[in-house]
Amino acid sequence: DALPISFSAPTNSGSGGGEANPNFVGANGGGVVILNVTGSAQVNGSIRATGQDGGGCGSGASGGSILLTLASGLTGTGLVDASGGAGNGGCSAYPGGGGGRIAIFGSTGSFNGSIRAFGGAGAGGTNYPGAAGTIFVKPSGNGIVLIDNFNQSTTQYTYLSTAAINTTNLFDQLQLNRKGSLHLVNGSVMPITSSNVIGDGTTGYLRVDGTMTFP
């Protein structure tokens, strides 16, 4: 399922899941949460824009958008979640929905909770998981992009944009964790340095159908 387009200023809802059984309606995509906080935001509960799980014979819906602008950062022990919904295998294998987008302008260094935008599990738990969404955190500088798919193996990639982009000055670092993988489409440009792309050794992939430059 398609991601909301802008990773750094997400404002779109997630796309709905498909449904093959006429007795069920398709799953709803995640909604949109936009908060502008003049002080700090303490989250001990949850902020969610998650996609619904699939119905009788349906795919999971994709996650939506969470955009937080926090003058004094994020604190607490809660959850910020824009994950995709799980597929349902009532008829056959149906895929999970893609993760949505989270953008946080402000520090998360004092937040002890969880921030996630996982792809939804495929039907049966291992078939066709969705791709991870994106988590963009900008306490200063150009920010960090995190792609984390909770160790789910999938053939699907995460996209920053459906159009060609030049990543210069878009972010300071890209982190590919727990089998998170990124695809930059044809014509994109991405400079690679010794510190701007890191992973955690869990077989994440960076695919650039364009130009990669090295120092």
# chains A, B, ... in the order shown; residues from 1 in each chain; ligands from 1
$ residues_around --residues "Thr108 of chain A" --least-positions-apart "5" --cutoff "7 Å" --atoms "only C-alpha atoms" --output "PDB file with C-alpha atoms, in the first residue's frame"
ATOM      1  CA  GLY A  73      10.940  17.943  23.052  1.00  0.00           C
ATOM      2  CA  LEU A  74       9.198  14.661  23.790  1.00  0.00           C
ATOM      3  CA  THR A  75       9.147  12.932  27.188  1.00  0.00           C
TER       4      THR A  75
END
$ closest_atom_pairs --of "segment 82-138 of chain A" --to "segment 182-201 of chain A" --cutoff "10 Å" --atoms "only C-alpha atoms" --output "tab-separated table"
residue	atom	partner	partner_atom	distance
A:Ala131	CA	A:Leu182	CA	9.2
A:Ala132	CA	A:Leu182	CA	9.0
A:Gly133	CA	A:Leu182	CA	9.8
A:Thr134	CA	A:Leu182	CA	9.6
$ write_last_selection --atoms "C-alpha atoms" --output "PDB file, in the first residue's frame"
ATOM      1  CA  ALA A 131       7.350  -2.406   4.095  1.00  0.00           C
ATOM      2  CA  ALA A 132       8.342  -0.186   6.996  1.00  0.00           C
ATOM      3  CA  GLY A 133       7.283   3.419   7.086  1.00  0.00           C
ATOM      4  CA  THR A 134       9.611   6.304   7.898  1.00  0.00           C
TER       5      THR A 134
END
$ closest_residue --among "A:Ser15, A:Thr154, A:Ser107, A:Ser181" --to "Gly85 of chain A" --atoms "only C-alpha atoms"
A:Ser15
$ atom_distance --atom1 "atom CA of Pro129 of chain A" --atom2 "atom CA of Pro22 of chain A"
23.4 Å
